[in-house]
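> One structure is given below, represented as structure tokens, and several questions about it will come after.
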Amino acid sequence: MALGLYSLIEAALLCVNAIAVLNEERFLSKVGWATDTVSGFGEQPGMKSQIINLIRSVRMVMRIPLIIVNTITIVLLLLFG
Amino acid sequence: MFFLAADIPLCAATHLWHLLKVPQKKRHKAPRGGAAEQRRRQPRPDYGGGPTPLFDDTSSPGDPAYNQNQPQGGGAFYGGMAGQQILTDPMANMAMQYGSSLATQGKDVMEKHIDRFISISKLKYYFAVDTTYVGKKLMLLLFPYMHSNWSIRYNKEEPVAPRYEINAPDLYIPVMAFVTYILVAGYCLGTQNSFTPELLGMQASSALVWLILEIVVITMAMYILSVATDIKTFDLLAFCGYKYVGMIGILLGGMLFGSMGYYLALAWCSASMFFFLLRTLRLVILPDASHDMGGSGGNKGRTYLVLAIAVLQPVFMCWLTRHLIPNQN
């Protein structure tokens, strides 16, 4: 029950890290989740293509913010435990 | 702050100029009528809420004309010495006008900056409630079974304000219910002699976190299932926030009648919330349910989504109240 706002932020950070660490060539293409498997437009995008799209967007957008936020978190944890 | 600092000299200069230009006689004629007229001539602020404004404009004491004329009328009417003295002093008038214009300027700048992040006019829609609406909605939340018409009336593509339409989502009840839930939880802990002030903050933080998680999960699910609806995040917040009403009822039942009352209230409120959300969300998320029963993948996803949201609420209601009730017998 002791779930505060700080833990939520931390959990969100870890989740975004987990998504961002997925590599396109080394991992996603082997599972069959590469970007080029996405079907062309015109038809309704399926669940899988939406997830792939989300992963790609997160990796693209969050790269530099993640570096900064992770650094801040590490420093804070080192200082205040 | 930069804008403010830059605008102050300019604004003060224009006001000085106006004061010098306006003849002194004008200030003495028909003070009250003048104020009313000036207020009426101002363009109505746009609330984005269709033809009927969401709120009556009660913010007019902030405008300079009103402030300037109001005490004058009183002074002239009662013939008070001190009042007359202050009012005939041009410096006081100028200072007054300068101050009020400064306040308006600051308010405008603030509103412009806040508007960039959250649209105030959109948020205002969710708080346009009145007492009868709140009473009716609370009854609807606790006894939804007899209600027959669940559709939201639209007025030129704009949903009608909540105080005219009982089925519209509002944020007033969720916010108030949230605060009340925190306080009732504190009281519950107090009856068990385990109350400390920090616990209130922890309760609030925890409840807020669960609410945010819920919203995020629902939004993600809507994205992944590619459910394109016109439901907004504020709507979701409202629908998820209605469960606090039930939770207050559950806590009260638990406090008054022990664990038996707790479970009875939990069952009743869960069933009511489930029913309420099912009926409401069915119309919001499944807008094309009537003419498109072809059974495409998207429609199935929508149905499951509605069901999942409705099932989530009782789970959260139980989860957020269970630890507050002492285990009797």
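In the structure tokens, the first chain shown is A, the next is B, and so on; residue numbers restart at 1 for each chain, and ligands run from 1 in the order shown.
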When the cut-off is 7 Å and we count only C-alpha atoms, which residues of chain A are near chain B, given as an MDAnalysis selection string?

chainID A and resid 2:5 8 47 50:51

> My list of candidates is B:Pro326, B:Gly246, B:Gly258, B:Gly106. Which is closest to Leu140 of chain B when distances are computed with only C-alpha atoms?

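The shortest atom-to-atom distance to Leu140 of chain B comes from B:Gly246.
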
> Segment 115-220 of chain B: which residues are alpha helix (DSSP H) by DSSP, as JSON, numbers by chain?

{"B": [115, 116, 117, 120, 121, 122, 123, 124, 125, 126, 131, 132, 133, 134, 135, 136, 137, 138, 139, 140, 141, 142, 172, 173, 174, 175, 176, 177, 178, 179, 180, 181, 182, 183, 184, 185, 186, 187, 188, 189, 190, 191, 197, 198, 199, 200, 201, 202, 203, 204, 205, 206, 207, 208, 209, 210, 211, 212, 213, 214, 215, 216, 217, 218, 219, 220]}

> Closest to Arg59 of chain A among A:Ala34, A:Ala20, A:Ile74, A:Leu28, using only C-alpha atoms?

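That would be A:Ala20, the residue with the smallest distance to Arg59 of chain A.
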
> So which residues touch Ile55 of chain A within 12 Å, counting only C-alpha atoms, skipping near sequence neighbours fewer than 4 positions away, as a list in words?

Cys15, Val16, Asn17, Ala18, Ile19, Ala20, Val21, Leu22, Asn23, Glu24, Leu28, Trp33, Ala34, Thr35, Lys48, Ser49, Gln50, Ile51, Arg59, Met60, Val61, Met62 and Arg63 of chain A; Ile224 of chain B

> Atom CA of Met273 of chain B and atom CA of Tyr242 of chain B, how far apart in Å?

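Between atom CA of Tyr242 of chain B and atom CA of Met273 of chain B the gap works out to 8.1 Å.
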
> To one decimal in Å, tell me the separation between atom CA of Ala11 of chain A and atom CA of Met317 of chain B.

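Atom CA of Ala11 of chain A sits 22.7 Å away from atom CA of Met317 of chain B.
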
> Check the smallest atom-to-atom distance from each of B:Leu123, B:Cys318, B:Tyr262, B:Ile231 to Leu286 of chain B using only C-alpha atoms, then report the winner.

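Result for the nearest residue to Leu286 of chain B: B:Ile231.
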
> Trp150 of chain B: which residues within 7 Å, counting only C-alpha atoms, same-chain residues fewer than 5 positions away excluded, as a PyMOL selection string?

chain B and resi 167+279-280

> Using Å and a single decimal, report how far atom CA of Phe274 of chain B sits from atom CA of Ala308 of chain B.

10.2 Å

> For Leu77 of chain A, find every residue with an atom within 12 Å (counting only C-alpha atoms), except residues of its own chain fewer than 6 positions away, and show them as a list of chain:residue names.

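Counting only the stated atoms, we get A:Glu10, A:Asn70, A:Thr71.
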
> With only C-alpha atoms as the counted atoms, please give the residues lying no more than 12 Å from Cys188 of chain B, apart from itself and same-chain residues fewer than 5 positions off, as a PDB file with N, CA and C atoms, in the first residue's frame.


```pdb
ATOM      1  N   TYR B 181     -12.841  11.385   0.645  1.00  0.00           N
ATOM      2  CA  TYR B 181     -12.339  10.031   0.895  1.00  0.00           C
ATOM      3  C   TYR B 181     -11.088  10.072   1.765  1.00  0.00           C
ATOM      4  N   ILE B 182     -10.182  10.999   1.455  1.00  0.00           N
ATOM      5  CA  ILE B 182      -8.959  11.104   2.257  1.00  0.00           C
ATOM      6  C   ILE B 182      -9.309  11.419   3.705  1.00  0.00           C
ATOM      7  N   LEU B 183     -10.256  12.354   3.890  1.00  0.00           N
ATOM      8  CA  LEU B 183     -10.600  12.752   5.253  1.00  0.00           C
ATOM      9  C   LEU B 183     -11.288  11.615   5.988  1.00  0.00           C
ATOM     10  N   ASN B 193      -7.134   4.388  16.548  1.00  0.00           N
ATOM     11  CA  ASN B 193      -6.014   4.951  17.302  1.00  0.00           C
ATOM     12  C   ASN B 193      -4.683   4.799  16.578  1.00  0.00           C
ATOM     13  N   SER B 194      -4.724   4.813  15.273  1.00  0.00           N
ATOM     14  CA  SER B 194      -3.460   4.720  14.548  1.00  0.00           C
ATOM     15  C   SER B 194      -3.279   5.912  13.621  1.00  0.00           C
ATOM     16  N   PHE B 195      -3.863   7.056  14.000  1.00  0.00           N
ATOM     17  CA  PHE B 195      -3.800   8.205  13.115  1.00  0.00           C
ATOM     18  C   PHE B 195      -2.555   9.035  13.383  1.00  0.00           C
ATOM     19  N   THR B 196      -1.852   9.339  12.319  1.00  0.00           N
ATOM     20  CA  THR B 196      -0.806  10.353  12.399  1.00  0.00           C
ATOM     21  C   THR B 196      -0.995  11.274  11.197  1.00  0.00           C
ATOM     22  N   LEU B 199      -0.055  10.163   7.750  1.00  0.00           N
ATOM     23  CA  LEU B 199      -0.854   9.130   7.095  1.00  0.00           C
ATOM     24  C   LEU B 199      -1.822   9.734   6.075  1.00  0.00           C
ATOM     25  N   LEU B 200      -2.310  10.955   6.376  1.00  0.00           N
ATOM     26  CA  LEU B 200      -3.220  11.598   5.427  1.00  0.00           C
ATOM     27  C   LEU B 200      -2.519  11.804   4.096  1.00  0.00           C
ATOM     28  N   GLN B 203      -2.071   8.520   2.332  1.00  0.00           N
ATOM     29  CA  GLN B 203      -3.321   8.064   1.716  1.00  0.00           C
ATOM     30  C   GLN B 203      -3.564   8.797   0.405  1.00  0.00           C
ATOM     31  N   ILE B 248     -16.559   6.248  -0.289  1.00  0.00           N
ATOM     32  CA  ILE B 248     -16.964   6.937   0.937  1.00  0.00           C
ATOM     33  C   ILE B 248     -18.115   6.182   1.586  1.00  0.00           C
ATOM     34  N   ILE B 250     -18.772   3.053   1.297  1.00  0.00           N
ATOM     35  CA  ILE B 250     -18.272   1.791   1.845  1.00  0.00           C
ATOM     36  C   ILE B 250     -17.613   2.029   3.195  1.00  0.00           C
ATOM     37  N   LEU B 251     -16.793   3.074   3.268  1.00  0.00           N
ATOM     38  CA  LEU B 251     -16.088   3.355   4.527  1.00  0.00           C
ATOM     39  C   LEU B 251     -17.083   3.695   5.620  1.00  0.00           C
ATOM     40  N   LEU B 252     -18.113   4.469   5.282  1.00  0.00           N
ATOM     41  CA  LEU B 252     -19.112   4.829   6.292  1.00  0.00           C
ATOM     42  C   LEU B 252     -19.837   3.573   6.765  1.00  0.00           C
ATOM     43  N   GLY B 253     -20.186   2.707   5.799  1.00  0.00           N
ATOM     44  CA  GLY B 253     -20.849   1.465   6.178  1.00  0.00           C
ATOM     45  C   GLY B 253     -19.979   0.630   7.093  1.00  0.00           C
ATOM     46  N   GLY B 254     -18.688   0.576   6.760  1.00  0.00           N
ATOM     47  CA  GLY B 254     -17.782  -0.197   7.587  1.00  0.00           C
ATOM     48  C   GLY B 254     -17.621   0.386   8.975  1.00  0.00           C
ATOM     49  N   MET B 255     -17.637   1.725   9.057  1.00  0.00           N
ATOM     50  CA  MET B 255     -17.456   2.347  10.371  1.00  0.00           C
ATOM     51  C   MET B 255     -18.675   2.163  11.241  1.00  0.00           C
ATOM     52  N   LEU B 256     -19.857   2.273  10.612  1.00  0.00           N
ATOM     53  CA  LEU B 256     -21.079   2.250  11.406  1.00  0.00           C
ATOM     54  C   LEU B 256     -21.479   0.824  11.776  1.00  0.00           C
ATOM     55  N   GLY B 258     -19.594  -2.209  11.202  1.00  0.00           N
ATOM     56  CA  GLY B 258     -18.598  -3.268  11.281  1.00  0.00           C
ATOM     57  C   GLY B 258     -18.346  -3.923   9.947  1.00  0.00           C
ATOM     58  N   THR B 321     -10.050   0.486   0.093  1.00  0.00           N
ATOM     59  CA  THR B 321     -10.756   0.639   1.370  1.00  0.00           C
ATOM     60  C   THR B 321     -10.461  -0.499   2.329  1.00  0.00           C
ATOM     61  N   ARG B 322      -9.910  -1.608   1.826  1.00  0.00           N
ATOM     62  CA  ARG B 322      -9.814  -2.806   2.654  1.00  0.00           C
ATOM     63  C   ARG B 322      -8.938  -2.577   3.895  1.00  0.00           C
ATOM     64  N   HIS B 323      -7.833  -1.873   3.715  1.00  0.00           N
ATOM     65  CA  HIS B 323      -6.893  -1.738   4.817  1.00  0.00           C
ATOM     66  C   HIS B 323      -7.375  -0.767   5.873  1.00  0.00           C
ATOM     67  N   LEU B 324      -8.456  -0.034   5.588  1.00  0.00           N
ATOM     68  CA  LEU B 324      -8.907   0.981   6.536  1.00  0.00           C
ATOM     69  C   LEU B 324      -9.906   0.417   7.534  1.00  0.00           C
ATOM     70  N   ILE B 325     -10.440  -0.757   7.243  1.00  0.00           N
ATOM     71  CA  ILE B 325     -11.464  -1.329   8.113  1.00  0.00           C
ATOM     72  C   ILE B 325     -10.798  -2.361   9.007  1.00  0.00           C
ATOM     73  N   PRO B 326     -10.973  -2.235  10.312  1.00  0.00           N
ATOM     74  CA  PRO B 326     -10.351  -3.218  11.208  1.00  0.00           C
ATOM     75  C   PRO B 326     -10.992  -4.587  11.040  1.00  0.00           C
TER      76      PRO B 326
END
```
